[in-house]
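Have a look at the structure below, then the notes.
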Amino acid sequence: MHISLAPFQGITHKGYRKAYIQSFPGLDAVYSPFISGVNPQKVNPSKFTDVLPFENTPIATVPQFVSTDSKEIIAIAHFLKQEGYDHINWNMGCPFSRLANKKRGCGILPYPDEIRAMLDEIMPEIPVRLSIKARLGYRSPDELSQVITVLNDYPLKELIIHPRIGTQLYKGEVNLDYFTRCLQQSKIPICYNGDIYHAGRYHELSRQFPGVKAWMIGRGALINPFLASQMKGILLTDNDKRERLHQFHGMLIQDMAERQIRPERQLGSLKGVWYYMSGVFTDGPLFFQKIKVCNNLKDYFKVHEDLMHQPFAPEQEIENYFRMGLKHI
């Protein structure tokens, strides 16, 4: 089983990923938030600060990009190769309209001929392995099936499928019937991504799709950082969990101090982390309400200390928290 952490813009930056990897066991790879806006004529290294310098660790970081420019993709691949990377990921899954309406993210999925034309240019030129993260489509779940017909003609490393369409965003149920069709159709190894909110849900999916050996966890892992270890059967005591949460939190604080982040921005970043992670505790959402209204780090640390003494939420509570879309906080 291979478990990777999905990218989240504004959350899973380099400091977060480093702290997460060192504090919580079970992951095999982490994906960076997407890189974009690279000038293929003169690559600006500042576009890559979140994935530089390359770190040769047991848990790989996979840089992700969003683009519809073959020359830009080739330039990204060559730059990252020289920095030490051997695998990059093309985001064809981002559902947000500001990207999708420009044929970026999942907005490219209705255009399989354009994808083929880009891959014809890209694949002979890039010196790294290429994987793709996609949805079932932008407006129709039939779109990815047509794209897979194209992708099957290229030596891609992996296809990560989130079984929703773009216009759903993260609402409604995942469409496992269409995921099954894609799984049967693809010659490329498939990674499943979507609504794995606890280990019990993973076991249900793994029984339904025994051929799937790679799993990407997203919001479920931001809520419950012990999800990957639970999926792999790694047992942690409650005391161990608290120690790891303390370590993670301390590393986040240290990273922001080293980057000379202003206190008000530190507070905003920590609120973003606990917007999700408060769900790992029973009554966590009530504590997040207190965190949300903190105006300074001194008040925040008082609430945080109380939160860390709360009991851990059982699977059903985490599932309810996840399914409510976090809107209740």
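Residues are referred to by chain and number: the chain letter is A, B, ... according to the order shown in the structure tokens, the number counts from 1 in that chain, and ligands are numbered separately from 1 in the order shown.
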Practice problem: Just the helix (DSSP H, G or I) stuff from region 240-298 of chain A, please, per backbone DSSP, written as a ChimeraX atom specification. | Solution: /A:240-258,263-280,284-292,297-298
Exercise. Would you list the contacts of region 181-186 of chain A as a VMD selection string, taking every protein, DNA or RNA residue within 8 Å and counting only C-alpha atoms, but skipping same-chain residues closer than 6 positions in sequence?
Key: chain A and resid 144 to 145 148 to 149 152
Self-check item: Secondary structure check, strand (DSSP E) residues of region 61-151 of chain A, as a list in words
Solution: Thr61, Val62, Gln64, Phe65, His87, Ile88, Asn89, Trp90, Asn91, Met92, Arg129, Leu130, Ser131, Ile132, Lys133, Ala134, Arg135, Leu136 and Gly137 of chain A
Quiz item: Restricting the calculation to only C-alpha atoms, which member of A:Tyr276, A:Phe288, A:Trp215, A:Phe322 is positioned closest to Asp28 (chain A)?
Solution: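 Using only C-alpha atoms, the shortest distance to Asp28 (chain A) belongs to A:Trp215.
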Quiz prompt | Nearest to His198 (chain A), chosen from A:Leu307, A:Ile318, A:Ala75, A:Leu156, with only C-alpha atoms counted in the distances | solution = A:Ile318
At most 8 Å is the cut-off: for each residue in region 75-158 of chain A with any atom that close to an atom of region 45-55 of chain A, write down the nearest atom pair and the distance in Å rounded to one decimal, counting only C-alpha atoms, chain first then increasing number, as JSON lines.
```
{"residue": "A:Glu83", "atom": "CA", "partner": "A:Phe54", "partner_atom": "CA", "distance": 6.3}
{"residue": "A:Gly84", "atom": "CA", "partner": "A:Phe54", "partner_atom": "CA", "distance": 6.0}
{"residue": "A:Tyr85", "atom": "CA", "partner": "A:Phe54", "partner_atom": "CA", "distance": 7.1}
```
Save out the residues we just selected, all heavy atoms, as a PDB file, in the first residue's frame.
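This is the output file selection.pdb:
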```pdb
ATOM      1  N   GLU A  83      17.302  20.178 -10.135  1.00  0.00           N
ATOM      2  CA  GLU A  83      17.278  20.399  -8.687  1.00  0.00           C
ATOM      3  C   GLU A  83      17.200  19.097  -7.898  1.00  0.00           C
ATOM      4  O   GLU A  83      17.253  19.109  -6.675  1.00  0.00           O
ATOM      5  CB  GLU A  83      16.099  21.307  -8.314  1.00  0.00           C
ATOM      6  CG  GLU A  83      16.202  22.718  -8.863  1.00  0.00           C
ATOM      7  CD  GLU A  83      17.398  23.478  -8.325  1.00  0.00           C
ATOM      8  OE1 GLU A  83      17.778  23.231  -7.150  1.00  0.00           O
ATOM      9  OE2 GLU A  83      17.955  24.314  -9.060  1.00  0.00           O
ATOM     10  N   GLY A  84      17.033  17.960  -8.601  1.00  0.00           N
ATOM     11  CA  GLY A  84      17.064  16.668  -7.925  1.00  0.00           C
ATOM     12  C   GLY A  84      15.796  15.844  -8.015  1.00  0.00           C
ATOM     13  O   GLY A  84      15.775  14.689  -7.571  1.00  0.00           O
ATOM     14  N   TYR A  85      14.728  16.385  -8.584  1.00  0.00           N
ATOM     15  CA  TYR A  85      13.457  15.666  -8.650  1.00  0.00           C
ATOM     16  C   TYR A  85      13.409  14.751  -9.873  1.00  0.00           C
ATOM     17  O   TYR A  85      13.993  15.045 -10.917  1.00  0.00           O
ATOM     18  CB  TYR A  85      12.288  16.655  -8.706  1.00  0.00           C
ATOM     19  CG  TYR A  85      12.060  17.378  -7.404  1.00  0.00           C
ATOM     20  CD1 TYR A  85      12.594  18.644  -7.178  1.00  0.00           C
ATOM     21  CD2 TYR A  85      11.324  16.781  -6.388  1.00  0.00           C
ATOM     22  CE1 TYR A  85      12.388  19.299  -5.975  1.00  0.00           C
ATOM     23  CE2 TYR A  85      11.112  17.434  -5.175  1.00  0.00           C
ATOM     24  CZ  TYR A  85      11.650  18.691  -4.973  1.00  0.00           C
ATOM     25  OH  TYR A  85      11.453  19.329  -3.783  1.00  0.00           O
TER      26      TYR A  85
END
```
Quiz prompt | Pick from A:Glu143, A:Asp306, A:Glu315, A:Glu258, whichever lies nearest to Tyr178 (chain A) using only C-alpha atoms | solution =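 Smallest distance to Tyr178 (chain A) is found for A:Glu143.
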Quiz item: What's the 12 Å shell around region 289-305 of chain A, counting only C-alpha atoms, without same-chain residues fewer than 5 positions away, as number ranges by chain?
Solution: A: 242, 245-246, 249-250, 253, 262-275, 277-279, 281, 283-284, 310, 326-329
Quiz prompt | 12 Å contact set for Gln41 (chain A), only C-alpha atoms, chain neighbours under 2 positions out, as a list of chain:residue names | solution =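 Using only C-alpha atoms, the neighbours found are A:Gly37, A:Val38, A:Asn39, A:Val43, A:Asn44, A:Lys71, A:Glu72, A:Ile73, A:Ile74, A:Ala75, A:Ile76, A:Phe79.
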Output file for the residues above (C-alpha atoms, as a PDB file, in the first residue's frame):
```
ATOM      1  CA  GLY A  37       3.100  31.086 -14.087  1.00  0.00           C
ATOM      2  CA  VAL A  38       6.571  29.891 -15.093  1.00  0.00           C
ATOM      3  CA  ASN A  39       8.170  31.731 -18.009  1.00  0.00           C
ATOM      4  CA  VAL A  43      12.678  30.307 -15.484  1.00  0.00           C
ATOM      5  CA  ASN A  44      12.460  32.302 -12.245  1.00  0.00           C
ATOM      6  CA  LYS A  71       6.725  24.779 -23.303  1.00  0.00           C
ATOM      7  CA  GLU A  72       6.057  25.841 -19.721  1.00  0.00           C
ATOM      8  CA  ILE A  73       5.627  22.206 -18.637  1.00  0.00           C
ATOM      9  CA  ILE A  74       8.865  21.188 -20.358  1.00  0.00           C
ATOM     10  CA  ALA A  75      10.705  24.087 -18.672  1.00  0.00           C
ATOM     11  CA  ILE A  76       9.287  23.101 -15.263  1.00  0.00           C
ATOM     12  CA  PHE A  79      14.331  22.912 -13.898  1.00  0.00           C
TER      13      PHE A  79
END
```
Show which residues sit within 9 Å of Leu151 (chain A), as an mmCIF file with all heavy atoms, in the first residue's frame. Count only C-alpha atoms, and ignore same-chain residues fewer than 6 positions away.
```
data_model
loop_
_atom_site.group_PDB
_atom_site.id
_atom_site.type_symbol
_atom_site.label_atom_id
_atom_site.label_comp_id
_atom_site.auth_asym_id
_atom_site.auth_seq_id
_atom_site.Cartn_x
_atom_site.Cartn_y
_atom_site.Cartn_z
ATOM 1 N N ILE A 115 -5.298 17.750 -25.008
ATOM 2 C CA ILE A 115 -4.402 17.027 -24.099
ATOM 3 C C ILE A 115 -3.439 16.156 -24.900
ATOM 4 O O ILE A 115 -2.233 16.105 -24.608
ATOM 5 C CB ILE A 115 -5.223 16.179 -23.110
ATOM 6 C CG1 ILE A 115 -6.016 17.095 -22.159
ATOM 7 C CG2 ILE A 115 -4.318 15.233 -22.307
ATOM 8 C CD1 ILE A 115 -6.991 16.379 -21.256
ATOM 9 N N ARG A 116 -3.940 15.492 -25.918
ATOM 10 C CA ARG A 116 -3.067 14.665 -26.758
ATOM 11 C C ARG A 116 -1.999 15.512 -27.439
ATOM 12 O O ARG A 116 -0.809 15.139 -27.469
ATOM 13 C CB ARG A 116 -3.884 13.921 -27.816
ATOM 14 C CG ARG A 116 -3.023 13.007 -28.698
ATOM 15 C CD ARG A 116 -3.812 12.290 -29.757
ATOM 16 N NE ARG A 116 -4.735 11.306 -29.200
ATOM 17 C CZ ARG A 116 -4.367 10.087 -28.805
ATOM 18 N NH1 ARG A 116 -3.095 9.711 -28.880
ATOM 19 N NH2 ARG A 116 -5.276 9.246 -28.330
ATOM 20 N N LEU A 119 0.641 16.360 -24.853
ATOM 21 C CA LEU A 119 1.469 15.209 -24.482
ATOM 22 C C LEU A 119 2.414 14.810 -25.606
ATOM 23 O O LEU A 119 3.541 14.364 -25.350
ATOM 24 C CB LEU A 119 0.578 14.031 -24.079
ATOM 25 C CG LEU A 119 -0.108 14.159 -22.715
ATOM 26 C CD1 LEU A 119 -1.142 13.051 -22.524
ATOM 27 C CD2 LEU A 119 0.903 14.133 -21.578
ATOM 28 N N LEU A 159 -2.115 7.729 -12.610
ATOM 29 C CA LEU A 159 -3.276 8.592 -12.751
ATOM 30 C C LEU A 159 -4.016 8.589 -11.410
ATOM 31 O O LEU A 159 -4.524 7.551 -10.977
ATOM 32 C CB LEU A 159 -4.193 8.103 -13.871
ATOM 33 C CG LEU A 159 -5.520 8.845 -14.042
ATOM 34 C CD1 LEU A 159 -5.288 10.319 -14.340
ATOM 35 C CD2 LEU A 159 -6.371 8.190 -15.133
ATOM 36 N N SER A 186 -8.328 2.050 -17.749
ATOM 37 C CA SER A 186 -6.976 2.597 -17.732
ATOM 38 C C SER A 186 -5.898 1.516 -17.816
ATOM 39 O O SER A 186 -5.964 0.487 -17.138
ATOM 40 C CB SER A 186 -6.768 3.424 -16.456
ATOM 41 O OG SER A 186 -5.456 3.942 -16.410
ATOM 42 N N LYS A 187 -4.893 1.786 -18.625
ATOM 43 C CA LYS A 187 -3.685 0.968 -18.659
ATOM 44 C C LYS A 187 -2.620 1.531 -17.714
ATOM 45 O O LYS A 187 -1.566 0.927 -17.534
ATOM 46 C CB LYS A 187 -3.132 0.919 -20.082
ATOM 47 C CG LYS A 187 -4.070 0.288 -21.103
ATOM 48 C CD LYS A 187 -3.463 0.344 -22.495
ATOM 49 C CE LYS A 187 -4.427 -0.215 -23.543
ATOM 50 N NZ LYS A 187 -3.863 -0.103 -24.923
ATOM 51 N N ILE A 188 -2.907 2.686 -17.163
ATOM 52 C CA ILE A 188 -1.988 3.387 -16.274
ATOM 53 C C ILE A 188 -2.335 3.012 -14.836
ATOM 54 O O ILE A 188 -3.521 2.890 -14.494
ATOM 55 C CB ILE A 188 -2.146 4.914 -16.463
ATOM 56 C CG1 ILE A 188 -1.956 5.299 -17.931
ATOM 57 C CG2 ILE A 188 -1.181 5.688 -15.579
ATOM 58 C CD1 ILE A 188 -2.592 6.624 -18.287
#
```
Exercise. Considering only C-alpha atoms, state which residue in the set A:Met251, A:Ala199, A:Lys213, A:Cys191 is at the smallest distance from Ser229 (chain A).
Key: A:Ala199
Quiz item: Could you work out how far CA of Pro314 (chain A) lies from CA of Ala6 (chain A), giving the answer in Å with one decimal?
Solution: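 Separation of CA of Ala6 (chain A) and CA of Pro314 (chain A): 23.0 Å.
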Quiz item: Quick one: of A:Pro124, A:Phe226, A:Tyr138, A:Ile217, who's nearest to Gly105 (chain A), counting only C-alpha atoms?
Solution: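 Closest to Gly105 (chain A) of all the choices is A:Tyr138.
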Exercise. Would you mind telling me which residue in A:Leu286, A:Val128, A:Leu252, A:Val280 lies nearest to Ser23 (chain A) when using only C-alpha atoms?
Key: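 For Ser23 (chain A), the nearest of the given residues is A:Leu252.
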